file work_0.cif (mmCIF, C-alpha atoms)
data_final
#
loop_
_atom_site.group_PDB
_atom_site.id
_atom_site.type_symbol
_atom_site.label_atom_id
_atom_site.label_comp_id
_atom_site.auth_asym_id
_atom_site.auth_seq_id
_atom_site.Cartn_x
_atom_site.Cartn_y
_atom_site.Cartn_z
ATOM 1 C CA MET A 16 10.657 2.215 4.250
ATOM 2 C CA SER A 17 9.997 5.645 2.824
ATOM 3 C CA HIS A 18 7.945 8.545 4.110
ATOM 4 C CA ILE A 19 5.759 10.741 1.918
ATOM 5 C CA LEU A 20 6.265 14.492 1.824
ATOM 6 C CA ALA A 21 3.407 16.912 2.347
ATOM 7 C CA ARG A 22 5.631 19.775 1.206
ATOM 8 C CA ASP A 23 9.314 20.668 1.371
ATOM 9 C CA SER A 24 10.789 19.523 4.708
ATOM 10 C CA VAL A 25 7.418 18.430 6.150
ATOM 11 C CA LEU A 26 6.297 14.792 6.145
ATOM 12 C CA VAL A 27 2.654 13.761 5.853
ATOM 13 C CA ARG A 28 2.914 11.851 9.149
ATOM 14 C CA GLU A 29 3.806 15.157 10.882
ATOM 15 C CA SER A 30 0.844 16.977 9.355
ATOM 16 C CA TRP A 31 -2.031 15.138 11.032
ATOM 17 C CA PRO A 32 -3.648 16.646 14.172
ATOM 18 C CA ARG A 33 -1.501 15.989 17.213
ATOM 19 C CA ARG A 34 -4.357 14.250 19.020
ATOM 20 C CA LEU A 35 -4.269 11.494 16.388
ATOM 21 C CA THR A 36 -0.502 11.023 16.270
ATOM 22 C CA VAL A 37 0.470 11.336 19.931
ATOM 23 C CA ARG A 38 1.673 7.688 19.882
ATOM 24 C CA LEU A 39 3.427 7.894 16.533
ATOM 25 C CA PRO A 40 7.236 7.730 17.000
ATOM 26 C CA LYS A 41 9.223 10.819 16.133
ATOM 27 C CA THR A 42 11.412 10.711 13.044
ATOM 28 C CA GLU A 43 14.561 12.487 12.059
ATOM 29 C CA SER A 44 14.124 15.765 10.250
ATOM 30 C CA VAL A 45 13.768 15.438 6.478
ATOM 31 C CA GLU A 46 17.244 16.926 6.044
ATOM 32 C CA LYS A 47 18.770 14.094 8.120
ATOM 33 C CA LEU A 48 16.944 11.258 6.367
ATOM 34 C CA ALA A 49 18.671 9.392 3.539
ATOM 35 C CA PRO A 50 17.331 10.073 0.011
ATOM 36 C CA TRP A 51 15.689 6.630 -0.228
ATOM 37 C CA GLN A 52 13.755 7.271 3.005
ATOM 38 C CA VAL A 53 11.704 10.135 1.541
ATOM 39 C CA MET A 54 9.641 9.928 -1.639
ATOM 40 C CA PRO A 55 10.129 13.156 -3.631
ATOM 41 C CA ILE A 56 7.183 15.420 -4.420
ATOM 42 C CA ASP A 57 8.151 16.349 -7.954
ATOM 43 C CA TYR A 58 7.713 13.981 -10.890
ATOM 44 C CA ASP A 59 11.224 14.749 -12.220
ATOM 45 C CA ASP A 60 12.768 13.759 -8.880
ATOM 46 C CA VAL A 61 10.730 10.525 -8.750
ATOM 47 C CA CYS A 62 12.221 9.576 -12.127
ATOM 48 C CA ALA A 63 15.682 9.570 -10.516
ATOM 49 C CA TRP A 64 14.465 8.011 -7.246
ATOM 50 C CA ALA A 65 12.803 4.802 -8.480
ATOM 51 C CA THR A 66 13.024 2.168 -11.204
ATOM 52 C CA VAL A 67 10.941 -0.831 -12.382
ATOM 53 C CA GLU A 68 11.957 -4.490 -12.745
ATOM 54 C CA ARG A 69 10.243 -7.795 -13.452
ATOM 55 C CA GLN A 70 9.768 -10.110 -10.481
ATOM 56 C CA ASP A 71 11.685 -13.376 -10.574
ATOM 57 C CA ASN A 72 8.555 -15.403 -9.752
ATOM 58 C CA ALA A 73 6.312 -13.871 -12.417
ATOM 59 C CA TYR A 74 4.204 -16.504 -14.150
ATOM 60 C CA SER A 75 0.995 -17.402 -15.964
ATOM 61 C CA ALA A 76 -1.330 -14.718 -17.400
ATOM 62 C CA GLN A 77 -0.146 -12.176 -14.845
ATOM 63 C CA HIS A 78 3.283 -10.642 -15.149
ATOM 64 C CA PRO A 79 4.045 -8.728 -11.951
ATOM 65 C CA TYR A 80 6.637 -5.984 -11.922
ATOM 66 C CA VAL A 81 7.888 -4.207 -8.838
ATOM 67 C CA LEU A 82 9.026 -0.698 -8.020
ATOM 68 C CA LEU A 83 12.625 -0.597 -6.771
ATOM 69 C CA TYR A 84 14.776 2.170 -5.380
ATOM 70 C CA SER A 85 17.063 3.555 -8.034
ATOM 71 C CA PRO A 86 20.622 2.181 -7.739
ATOM 72 C CA GLU A 87 21.842 5.704 -7.010
ATOM 73 C CA VAL A 88 19.650 6.135 -3.909
ATOM 74 C CA ALA A 89 19.402 2.538 -2.613
ATOM 75 C CA PRO A 90 20.684 2.028 0.979
ATOM 76 C CA GLN A 91 23.534 -0.003 -0.464
ATOM 77 C CA HIS A 92 24.738 1.103 -3.858
ATOM 78 C CA HIS A 93 23.108 -0.920 -6.684
ATOM 79 C CA GLU A 94 21.162 -3.093 -4.185
ATOM 80 C CA ARG A 95 17.826 -4.407 -5.533
ATOM 81 C CA LEU A 96 15.415 -3.209 -2.868
ATOM 82 C CA ARG A 97 11.644 -2.808 -3.178
ATOM 83 C CA VAL A 98 10.153 0.598 -2.537
ATOM 84 C CA SER A 99 8.000 0.502 0.610
ATOM 85 C CA LEU A 100 5.887 3.513 1.522
ATOM 86 C CA ARG A 101 4.218 4.587 4.765
ATOM 87 C CA PHE A 102 0.620 5.817 4.637
ATOM 88 C CA GLN A 103 -1.707 7.032 7.386
ATOM 89 C CA GLY A 104 -5.487 7.287 7.437
ATOM 90 C CA VAL A 105 -8.771 6.036 8.828
ATOM 91 C CA VAL A 106 -9.791 2.436 8.087
ATOM 92 C CA GLU A 107 -12.923 2.408 5.900
ATOM 93 C CA ALA A 108 -12.947 -1.289 4.913
ATOM 94 C CA LEU A 109 -10.760 -4.293 5.692
ATOM 95 C CA ASN A 110 -10.275 -8.022 5.748
ATOM 96 C CA ILE A 111 -6.706 -8.780 6.815
ATOM 97 C CA SER A 112 -7.293 -12.190 8.371
ATOM 98 C CA PRO A 113 -4.820 -14.895 7.267
ATOM 99 C CA LEU A 114 -7.254 -16.197 4.608
ATOM 100 C CA GLY A 115 -8.674 -12.776 3.699
ATOM 101 C CA ASN A 116 -11.866 -12.966 1.648
ATOM 102 C CA TYR A 117 -11.374 -16.599 0.587
ATOM 103 C CA ASP A 118 -14.773 -18.325 0.565
ATOM 104 C CA GLY A 119 -13.689 -21.962 0.633
ATOM 105 C CA ARG A 120 -14.209 -22.680 -3.065
ATOM 106 C CA ILE A 121 -11.187 -24.140 -4.865
ATOM 107 C CA GLU A 122 -11.789 -22.046 -7.969
ATOM 108 C CA SER A 123 -11.563 -18.782 -5.988
ATOM 109 C CA ALA A 124 -8.202 -19.515 -4.347
ATOM 110 C CA SER A 125 -6.236 -17.696 -7.047
ATOM 111 C CA ARG A 126 -8.286 -14.516 -6.532
ATOM 112 C CA ALA A 127 -8.502 -14.454 -2.730
ATOM 113 C CA VAL A 128 -7.032 -11.285 -1.216
ATOM 114 C CA GLN A 129 -6.458 -9.546 2.058
ATOM 115 C CA PHE A 130 -7.421 -5.904 1.732
ATOM 116 C CA LEU A 131 -7.700 -2.582 3.535
ATOM 117 C CA SER A 132 -9.089 0.778 2.434
ATOM 118 C CA LEU A 133 -7.923 4.072 3.966
ATOM 119 C CA GLY A 134 -9.807 7.355 3.968
ATOM 120 C CA PRO A 135 -9.081 10.867 5.266
ATOM 121 C CA GLY A 136 -11.496 10.952 8.188
ATOM 122 C CA THR A 137 -11.993 14.646 8.963
ATOM 123 C CA ASN A 138 -8.633 15.678 7.487
ATOM 124 C CA PRO A 139 -8.918 15.567 3.678
ATOM 125 C CA ASP A 140 -6.231 18.241 3.180
ATOM 126 C CA VAL A 141 -3.563 16.023 4.773
ATOM 127 C CA PHE A 142 -4.739 12.846 3.048
ATOM 128 C CA GLN A 143 -4.669 14.604 -0.327
ATOM 129 C CA HIS A 144 -0.853 14.612 -0.313
ATOM 130 C CA GLN A 145 -0.808 10.798 -0.215
ATOM 131 C CA LEU A 146 -3.274 10.620 -3.104
ATOM 132 C CA ARG A 147 -1.075 13.002 -5.058
ATOM 133 C CA ALA A 148 2.019 10.873 -4.373
ATOM 134 C CA PHE A 149 0.245 7.729 -5.621
ATOM 135 C CA GLU A 150 -0.912 9.556 -8.741
ATOM 136 C CA THR A 151 2.669 10.702 -9.408
ATOM 137 C CA LEU A 152 3.804 7.076 -9.205
ATOM 138 C CA ARG A 153 1.068 6.015 -11.628
ATOM 139 C CA VAL A 154 2.166 8.615 -14.167
ATOM 140 C CA PHE A 155 5.815 7.615 -13.731
ATOM 141 C CA LEU A 156 5.022 3.930 -14.259
ATOM 142 C CA GLY A 157 3.053 4.742 -17.392
ATOM 143 C CA SER A 158 6.094 6.504 -18.810
ATOM 144 C CA VAL A 159 8.467 3.668 -17.891
ATOM 145 C CA MET A 160 6.262 0.916 -19.287
ATOM 146 C CA ASN A 161 5.036 2.965 -22.245
ATOM 147 C CA CYS A 162 1.370 2.194 -21.664
ATOM 148 C CA SER A 163 -1.740 3.354 -19.859
ATOM 149 C CA VAL A 164 -1.646 2.416 -16.180
ATOM 150 C CA GLN A 165 -4.777 2.014 -14.076
ATOM 151 C CA THR A 166 -5.135 1.846 -10.302
ATOM 152 C CA ASN A 167 -7.168 -0.570 -8.210
ATOM 153 C CA ILE A 168 -8.789 2.176 -6.111
ATOM 154 C CA ARG A 169 -12.410 1.240 -5.396
ATOM 155 C CA LYS A 170 -13.682 4.586 -4.085
ATOM 156 C CA LYS A 171 -12.722 8.161 -4.920
ATOM 157 C CA ASP A 172 -10.369 9.912 -2.466
ATOM 158 C CA THR A 173 -9.360 6.668 -0.749
ATOM 159 C CA LEU A 174 -6.344 4.383 -0.926
ATOM 160 C CA TYR A 175 -6.835 0.657 -1.463
ATOM 161 C CA PHE A 176 -4.265 -1.915 -0.346
ATOM 162 C CA GLN A 177 -4.351 -5.629 -1.077
ATOM 163 C CA ARG A 178 -2.325 -8.815 -1.078
ATOM 164 C CA LEU A 179 -2.974 -12.206 -2.639
ATOM 165 C CA VAL A 180 -3.650 -14.787 0.062
ATOM 166 C CA PHE A 181 -2.263 -17.916 -1.596
ATOM 167 C CA THR A 182 0.947 -18.847 -3.405
ATOM 168 C CA LYS A 183 0.760 -21.457 -6.160
ATOM 169 C CA VAL A 184 2.627 -24.702 -5.453
ATOM 170 C CA ARG A 185 4.977 -25.479 -8.353
ATOM 171 C CA ARG A 186 5.673 -29.175 -8.752
ATOM 172 C CA ASN A 187 9.103 -28.508 -10.276
ATOM 173 C CA SER A 188 10.146 -25.941 -7.681
ATOM 174 C CA VAL A 189 13.593 -26.520 -6.158
ATOM 175 C CA THR A 190 12.564 -24.939 -2.847
ATOM 176 C CA PRO A 191 9.483 -26.453 -1.175
ATOM 177 C CA VAL A 192 6.664 -24.007 -0.453
ATOM 178 C CA ARG A 193 5.748 -24.055 3.229
ATOM 179 C CA SER A 194 2.656 -22.689 4.951
ATOM 180 C CA VAL A 195 3.011 -20.085 7.718
ATOM 181 C CA LEU A 196 -0.440 -20.782 9.152
ATOM 182 C CA VAL A 197 -0.650 -21.840 12.795
ATOM 183 C CA PHE A 198 -3.398 -23.117 15.081
ATOM 184 C CA GLY A 199 -6.435 -20.842 14.837
ATOM 185 C CA ASP A 200 -5.589 -19.289 11.468
ATOM 186 C CA ASP A 201 -7.766 -21.711 9.475
ATOM 187 C CA PRO A 202 -10.819 -22.533 11.642
ATOM 188 C CA ASN A 203 -12.779 -23.977 8.697
ATOM 189 C CA GLY A 204 -9.940 -26.185 7.461
ATOM 190 C CA TRP A 205 -10.088 -24.593 4.014
ATOM 191 C CA ALA A 206 -6.340 -24.097 3.588
ATOM 192 C CA VAL A 207 -5.618 -27.732 4.479
ATOM 193 C CA LYS A 208 -7.801 -28.909 1.601
ATOM 194 C CA LEU A 209 -5.810 -26.751 -0.837
ATOM 195 C CA GLN A 210 -2.280 -27.398 0.385
ATOM 196 C CA ARG A 211 -1.247 -29.551 -2.577
ATOM 197 C CA ASP A 212 -1.933 -26.664 -4.954
ATOM 198 C CA TRP A 213 -2.103 -23.447 -2.920
ATOM 199 C CA VAL A 214 -0.269 -22.394 0.247
ATOM 200 C CA VAL A 215 -0.303 -19.308 2.486
ATOM 201 C CA THR A 216 3.342 -18.207 2.658
ATOM 202 C CA HIS A 217 3.011 -14.852 4.417
ATOM 203 C CA LYS A 218 1.210 -12.986 7.155
ATOM 204 C CA ILE A 219 0.551 -9.269 7.280
ATOM 205 C CA LEU A 220 2.327 -7.796 10.295
ATOM 206 C CA THR A 221 -0.227 -6.159 12.589
ATOM 207 C CA GLY A 222 0.081 -4.321 15.885
ATOM 208 C CA ILE A 223 -0.318 -1.050 17.760
ATOM 209 C CA TYR A 224 1.783 1.877 18.877
ATOM 210 C CA ASP A 225 1.679 1.851 22.699
ATOM 211 C CA GLU A 226 1.949 4.713 25.213
ATOM 212 C CA SER A 227 5.740 4.761 24.835
ATOM 213 C CA CYS A 228 5.421 5.193 21.035
ATOM 214 C CA THR A 229 6.744 1.677 20.503
ATOM 215 C CA ALA A 230 5.361 -0.676 17.865
ATOM 216 C CA VAL A 231 3.989 -3.802 19.569
ATOM 217 C CA LYS A 232 2.943 -6.884 17.588
ATOM 218 C CA LYS A 233 -0.715 -7.848 18.081
ATOM 219 C CA PRO A 234 -3.273 -10.132 16.338
ATOM 220 C CA HIS A 235 -4.936 -8.749 13.223
ATOM 221 C CA THR A 236 -8.206 -8.382 15.120
ATOM 222 C CA VAL A 237 -6.908 -5.260 16.929
ATOM 223 C CA ILE A 238 -7.389 -3.342 13.661
ATOM 224 C CA ARG A 239 -11.023 -2.257 13.284
ATOM 225 C CA LEU A 240 -13.139 -0.022 11.097
ATOM 226 C CA GLY A 241 -12.684 3.622 12.097
ATOM 227 C CA ASP A 242 -9.180 3.206 13.583
ATOM 228 C CA PHE A 243 -6.444 5.641 12.590
ATOM 229 C CA VAL A 244 -3.563 3.491 11.343
ATOM 230 C CA GLU A 245 -0.225 3.476 9.597
ATOM 231 C CA VAL A 246 0.087 1.129 6.625
ATOM 232 C CA VAL A 247 3.348 0.005 5.046
ATOM 233 C CA ALA A 248 2.983 -1.127 1.437
ATOM 234 C CA SER A 249 5.166 -2.018 -1.505
ATOM 235 C CA VAL A 250 4.245 -1.118 -5.082
ATOM 236 C CA GLU A 251 3.506 -3.796 -7.677
ATOM 237 C CA ILE A 252 2.608 -3.468 -11.350
ATOM 238 C CA VAL A 253 0.452 -6.241 -12.812
ATOM 239 C CA LYS A 254 -0.510 -7.056 -16.387
ATOM 240 C CA TYR A 255 -3.521 -9.233 -17.080
ATOM 241 C CA ARG A 256 -5.999 -9.879 -19.892
ATOM 242 C CA LYS A 257 -9.550 -8.586 -19.663
ATOM 243 C CA TYR A 258 -12.124 -8.284 -22.423
ATOM 244 C CA GLN A 259 -9.612 -9.407 -25.076
ATOM 245 C CA ARG A 260 -6.996 -6.818 -24.172
ATOM 246 C CA TRP A 261 -4.125 -6.356 -21.758
ATOM 247 C CA ILE A 262 -4.650 -4.208 -18.648
ATOM 248 C CA THR A 263 -1.734 -2.699 -16.712
ATOM 249 C CA GLU A 264 -2.513 -1.852 -13.106
ATOM 250 C CA VAL A 265 -0.504 -0.432 -10.194
ATOM 251 C CA ARG A 266 -1.290 -1.878 -6.779
ATOM 252 C CA LEU A 267 -0.308 -1.098 -3.205
ATOM 253 C CA ILE A 268 0.657 -4.422 -1.595
ATOM 254 C CA LEU A 269 -0.005 -4.748 2.141
ATOM 255 C CA GLN A 270 2.992 -5.432 4.357
ATOM 256 C CA GLU A 271 2.176 -3.954 7.793
ATOM 257 C CA VAL A 272 -0.755 -2.330 9.587
ATOM 258 C CA LEU A 273 -0.175 -0.556 12.908
ATOM 259 C CA ARG A 274 -2.898 1.173 14.888
ATOM 260 C CA ILE A 275 -1.960 4.694 15.965
ATOM 261 C CA CYS A 276 -5.203 5.439 17.804
ATOM 262 C CA ASP A 277 -8.535 3.666 18.051
ATOM 263 C CA LYS A 278 -11.849 4.599 16.509
ATOM 264 C CA ASN A 279 -13.156 6.190 19.729
ATOM 265 C CA THR A 280 -10.443 8.838 19.570
ATOM 266 C CA VAL A 281 -11.095 9.350 15.856
ATOM 267 C CA MET A 282 -14.829 9.831 16.460
ATOM 268 C CA GLN A 283 -14.112 12.585 18.995
ATOM 269 C CA MET A 284 -12.063 14.587 16.492
ATOM 270 C CA PRO A 285 -13.649 17.869 15.332
ATOM 271 C CA GLU A 286 -13.719 18.340 11.561
ATOM 272 C CA ASN A 287 -10.466 19.746 10.105
ATOM 273 C CA GLU A 288 -8.848 20.297 13.503
ATOM 274 C CA SER A 289 -5.931 22.614 12.908
ATOM 275 C CA THR A 290 -2.305 21.540 13.171
ATOM 276 C CA SER A 291 0.885 23.550 13.299
ATOM 277 C CA ASN A 292 1.217 22.975 9.553
ATOM 278 C CA THR A 293 -2.398 23.538 8.471
ATOM 279 C CA SER A 294 -2.006 26.950 6.862
ATOM 280 C CA ALA A 295 1.114 25.843 4.996
ATOM 281 C CA LEU A 296 -0.603 22.653 3.824
ATOM 282 C CA GLN A 297 -3.627 24.520 2.508
ATOM 283 C CA LYS A 298 -1.356 26.974 0.707
ATOM 284 C CA ASP A 299 0.584 24.062 -0.816
ATOM 285 C CA ILE A 300 -2.616 22.406 -2.073
ATOM 286 C CA HIS A 301 -3.762 25.728 -3.558
ATOM 287 C CA MET A 302 -0.456 26.135 -5.377
ATOM 288 C CA THR A 303 -0.698 22.570 -6.694
ATOM 289 C CA THR A 304 -4.111 23.405 -8.133
ATOM 290 C CA ILE A 305 -2.711 26.507 -9.823
ATOM 291 C CA LEU A 306 0.461 24.972 -11.181
ATOM 292 C CA GLY A 307 -1.032 21.575 -12.007
ATOM 293 C CA SER A 308 0.488 18.123 -11.590
ATOM 294 C CA PRO A 309 2.139 15.937 -14.252
ATOM 295 C CA GLN A 310 -0.347 15.097 -16.988
ATOM 296 C CA PRO A 311 -1.547 11.507 -16.497
ATOM 297 C CA VAL A 312 -1.544 8.943 -19.261
ATOM 298 C CA ASP A 313 -5.043 8.676 -20.719
ATOM 299 C CA VAL A 314 -6.761 5.697 -19.125
ATOM 300 C CA GLU A 315 -10.057 4.034 -19.961
ATOM 301 C CA MET A 316 -11.211 3.128 -16.469
ATOM 302 C CA GLU A 317 -12.927 -0.250 -15.991
ATOM 303 C CA ASP A 318 -13.969 -2.302 -13.035
ATOM 304 C CA ALA A 319 -11.096 -4.698 -12.325
ATOM 305 C CA SER A 320 -12.575 -6.091 -9.146
ATOM 306 C CA ASN A 321 -12.608 -9.595 -10.599
ATOM 307 C CA SER A 322 -8.866 -9.560 -11.128
ATOM 308 C CA ALA A 323 -6.685 -10.508 -8.182
#

call {"tool": "encode", "arguments": {"input": "work_0.cif", "output": "structure tokens"}}
result
Amino acid sequence: MSHILARDSVLVRESWPRRLTVRLPKTESVEKLAPWQVMPIDYDDVCAWATVERQDNAYSAQHPYVLLYSPEVAPQHHERLRVSLRFQGVVEALNISPLGNYDGRIESASRAVQFLSLGPGTNPDVFQHQLRAFETLRVFLGSVMNCSVQTNIRKKDTLYFQRLVFTKVRRNSVTPVRSVLVFGDDPNGWAVKLQRDWVVTHKILTGIYDESCTAVKKPHTVIRLGDFVEVVASVEIVKYRKYQRWITEVRLILQEVLRICDKNTVMQMPENESTSNTSALQKDIHMTTILGSPQPVDVEMEDASNSA
């Protein structure tokens, strides 16, 4: 998994107020991390850091692509490994239960998702670096795929993560598709009724960082609105038809959610509490405004909320 840089030699995770991150494990210095473990700031460096490939299980009207580490920076040379990024922020919306927002209707199974939205809390300057990193990826993907690329962000200055709940059962599949649901995951019995056609094949890993800065697995219900969390997500590119034309969209796919501190601690935080890196971060944001970021591909934004 890769960290996001706030500026040269400083990670975003090190730039939040200490009161929020006291339980977050320490990392090696940026200089000691392998190239694949740190997403570059500059667009030119991202071009050499990542690549795009079609997923093996792409099918139907959607054609998912994934972001991979470039063969030159992959942990093992020329290994096909998905890019996974670490984000931090305050939970503004979520439904990460095993069945997500599925409502029990057969026709909505293909669109059911688990989702989580992160916001900056009282630290927009720190959060801005993650937004900038995601925008750099969007521009890069537009160049690679030679098309306009949209995002699935629902609210300005937030990050939206999602994951499809169900996997389609293929009658001609060589490997049988098995459900990972256990007792208590499907209290309404909805998944059982669908199991011939749709199966839940994954669970989002959830937990907390304890007093010893160790990640401890916990039920998804420990994550609540207002908590300060770390989210691990992969990057997926989806093409689908809408209004008689093809839409290309980049999505952050949920893998893990770990609580760093609970909402009570977040609520006690004064606005823009200073950190050891605050002045440098503000200077970096100012310079970004002056110098500008890579020009994005022109996009005609539309509501894609009906597309899974």

call {"tool": "atom_distance", "arguments": {"input": "work_0.cif", "atom1": "CA of Ser194 (chain A)", "atom2": "CA of Glu264 (chain A)"}}
result
28.1 Å

call {"tool": "residues_around", "arguments": {"input": "work_0.cif", "residues": "Phe155 (chain A)", "least_positions_apart": "6", "cutoff": "8 Å", "atoms": "only C-alpha atoms", "output": "JSON, numbers by chain"}}
result
{"A": [58, 61, 62]}

call {"tool": "resolve_selection", "arguments": {"input": "work_0.cif", "expression": "the PyMOL selection byres ((chain A and resi 143) around 12)", "output": "PyMOL selection string"}}
result
chain A and resi 19-22+27+30-31+102-104+133-142+144-150+171-174+296-297+299-301+303-304

call {"tool": "resolve_selection", "arguments": {"input": "work_0.cif", "expression": "the PyMOL selection byres ((chain A and resi 87) around 12)", "output": "ChimeraX atom specification"}}
result
/A:49-51,62-66,83-86,88-96

call {"tool": "closest_residue", "arguments": {"input": "work_0.cif", "among": "A:Ile121, A:Leu48, A:Ala230, A:Met16", "to": "Ala206 (chain A)", "atoms": "all atoms listed in the file"}}
result
A:Ile121

call {"tool": "residues_around", "arguments": {"input": "work_0.cif", "residues": "Arg38 (chain A)", "least_positions_apart": "4", "cutoff": "8 Å", "atoms": "all atoms listed in the file", "output": "list in words"}}
result
Tyr224, Asp225, Glu226, Ser227, Cys228, Thr229, Ile275 and Cys276 of chain A

call {"tool": "residues_near_point", "arguments": {"input": "work_0.cif", "point": "(5.2, 6.5, -13.6)", "cutoff": "10 Å", "atoms": "all atoms listed in the file", "output": "number ranges by chain"}}
result
A: 58, 61-62, 65-67, 82, 149-164, 265, 309, 311-312

call {"tool": "atom_distance", "arguments": {"input": "work_0.cif", "atom1": "CA of Arg101 (chain A)", "atom2": "CA of Val215 (chain A)"}}
result
24.4 Å

call {"tool": "resolve_selection", "arguments": {"input": "work_0.cif", "expression": "the PyMOL selection byres ((chain A and resi 262) around 9)", "output": "MDAnalysis selection string"}}
result
chainID A and resid 163:165 253:257 260:261 263:264

call {"tool": "atom_distance", "arguments": {"input": "work_0.cif", "atom1": "CA of Val81 (chain A)", "atom2": "CA of Asp200 (chain A)"}}
result
28.7 Å

call {"tool": "residues_around", "arguments": {"input": "work_0.cif", "residues": "Glu271 (chain A)", "least_positions_apart": "5", "cutoff": "6 Å", "atoms": "all atoms listed in the file", "output": "PyMOL selection string"}}
result
chain A and resi 219-221+246-247

call {"tool": "residues_around", "arguments": {"input": "work_0.cif", "residues": "Leu273 (chain A)", "least_positions_apart": "5", "cutoff": "6 Å", "atoms": "all atoms listed in the file", "output": "number ranges by chain"}}
result
A: 221-223, 244-245

call {"tool": "closest_residue", "arguments": {"input": "work_0.cif", "among": "A:Ile168, A:Leu35, A:Val98, A:Val272", "to": "Pro234 (chain A)", "atoms": "all atoms listed in the file"}}
result
A:Val272

call {"tool": "axis_aligned_box", "arguments": {"input": "work_0.cif", "around": "region 210-228 of chain A", "padding_each_side": "5 Å", "output": "AutoDock Vina command-line options"}}
result
--center_x 1.7 --center_y -12.2 --center_z 10.1 --size_x 18.0 --size_y 44.7 --size_z 40.2

call {"tool": "residues_near_point", "arguments": {"input": "work_0.cif", "point": "(12.3, 7.2, 14.2)", "cutoff": "12 Å", "atoms": "only C-alpha atoms", "output": "ChimeraX atom specification"}}
result
/A:16-18,28,39-45,47-48,52,228-230

call {"tool": "decode", "arguments": {"input": "work_0.cif", "residues": "region 241-253 of chain A", "atoms": "N, CA, C and O atoms", "output": "tab-separated table (two decimals), in the first residue's frame"}}
result
chain	number	residue	atom	x	y	z
A	241	GLY	N	-18.32	10.82	11.97
A	241	GLY	CA	-17.53	11.71	12.80
A	241	GLY	C	-16.20	11.15	13.24
A	241	GLY	O	-15.35	11.88	13.76
A	242	ASP	N	-15.98	9.83	13.08
A	242	ASP	CA	-14.69	9.22	13.44
A	242	ASP	C	-13.60	9.69	12.48
A	242	ASP	O	-13.86	9.96	11.30
A	243	PHE	N	-12.38	9.75	13.00
A	243	PHE	CA	-11.21	10.02	12.15
A	243	PHE	C	-10.60	8.66	11.80
A	243	PHE	O	-10.23	7.89	12.69
A	244	VAL	N	-10.53	8.34	10.51
A	244	VAL	CA	-10.17	7.00	10.09
A	244	VAL	C	-9.09	7.01	9.01
A	244	VAL	O	-8.81	8.05	8.40
A	245	GLU	N	-8.52	5.84	8.81
A	245	GLU	CA	-7.64	5.61	7.67
A	245	GLU	C	-8.34	4.62	6.75
A	245	GLU	O	-8.83	3.58	7.18
A	246	VAL	N	-8.38	4.97	5.47
A	246	VAL	CA	-9.03	4.13	4.46
A	246	VAL	C	-7.99	3.66	3.46
A	246	VAL	O	-7.17	4.45	2.98
A	247	VAL	N	-8.00	2.38	3.17
A	247	VAL	CA	-7.15	1.83	2.10
A	247	VAL	C	-8.06	1.52	0.92
A	247	VAL	O	-9.10	0.87	1.08
A	248	ALA	N	-7.68	2.02	-0.25
A	248	ALA	CA	-8.52	1.84	-1.44
A	248	ALA	C	-7.66	1.57	-2.66
A	248	ALA	O	-6.55	2.10	-2.79
A	249	SER	N	-8.17	0.75	-3.56
A	249	SER	CA	-7.56	0.58	-4.87
A	249	SER	C	-8.26	1.52	-5.84
A	249	SER	O	-9.25	2.16	-5.50
A	250	VAL	N	-7.72	1.62	-7.04
A	250	VAL	CA	-8.26	2.55	-8.04
A	250	VAL	C	-8.77	1.76	-9.23
A	250	VAL	O	-8.04	0.94	-9.79
A	251	GLU	N	-10.03	2.00	-9.60
A	251	GLU	CA	-10.66	1.27	-10.69
A	251	GLU	C	-11.23	2.26	-11.70
A	251	GLU	O	-11.74	3.32	-11.33
A	252	ILE	N	-11.12	1.94	-12.96
A	252	ILE	CA	-11.66	2.78	-14.03
A	252	ILE	C	-12.78	2.00	-14.71
A	252	ILE	O	-12.58	0.88	-15.16
A	253	VAL	N	-13.95	2.60	-14.77
A	253	VAL	CA	-15.14	1.92	-15.29
A	253	VAL	C	-15.70	2.67	-16.48
A	253	VAL	O	-15.75	3.90	-16.48
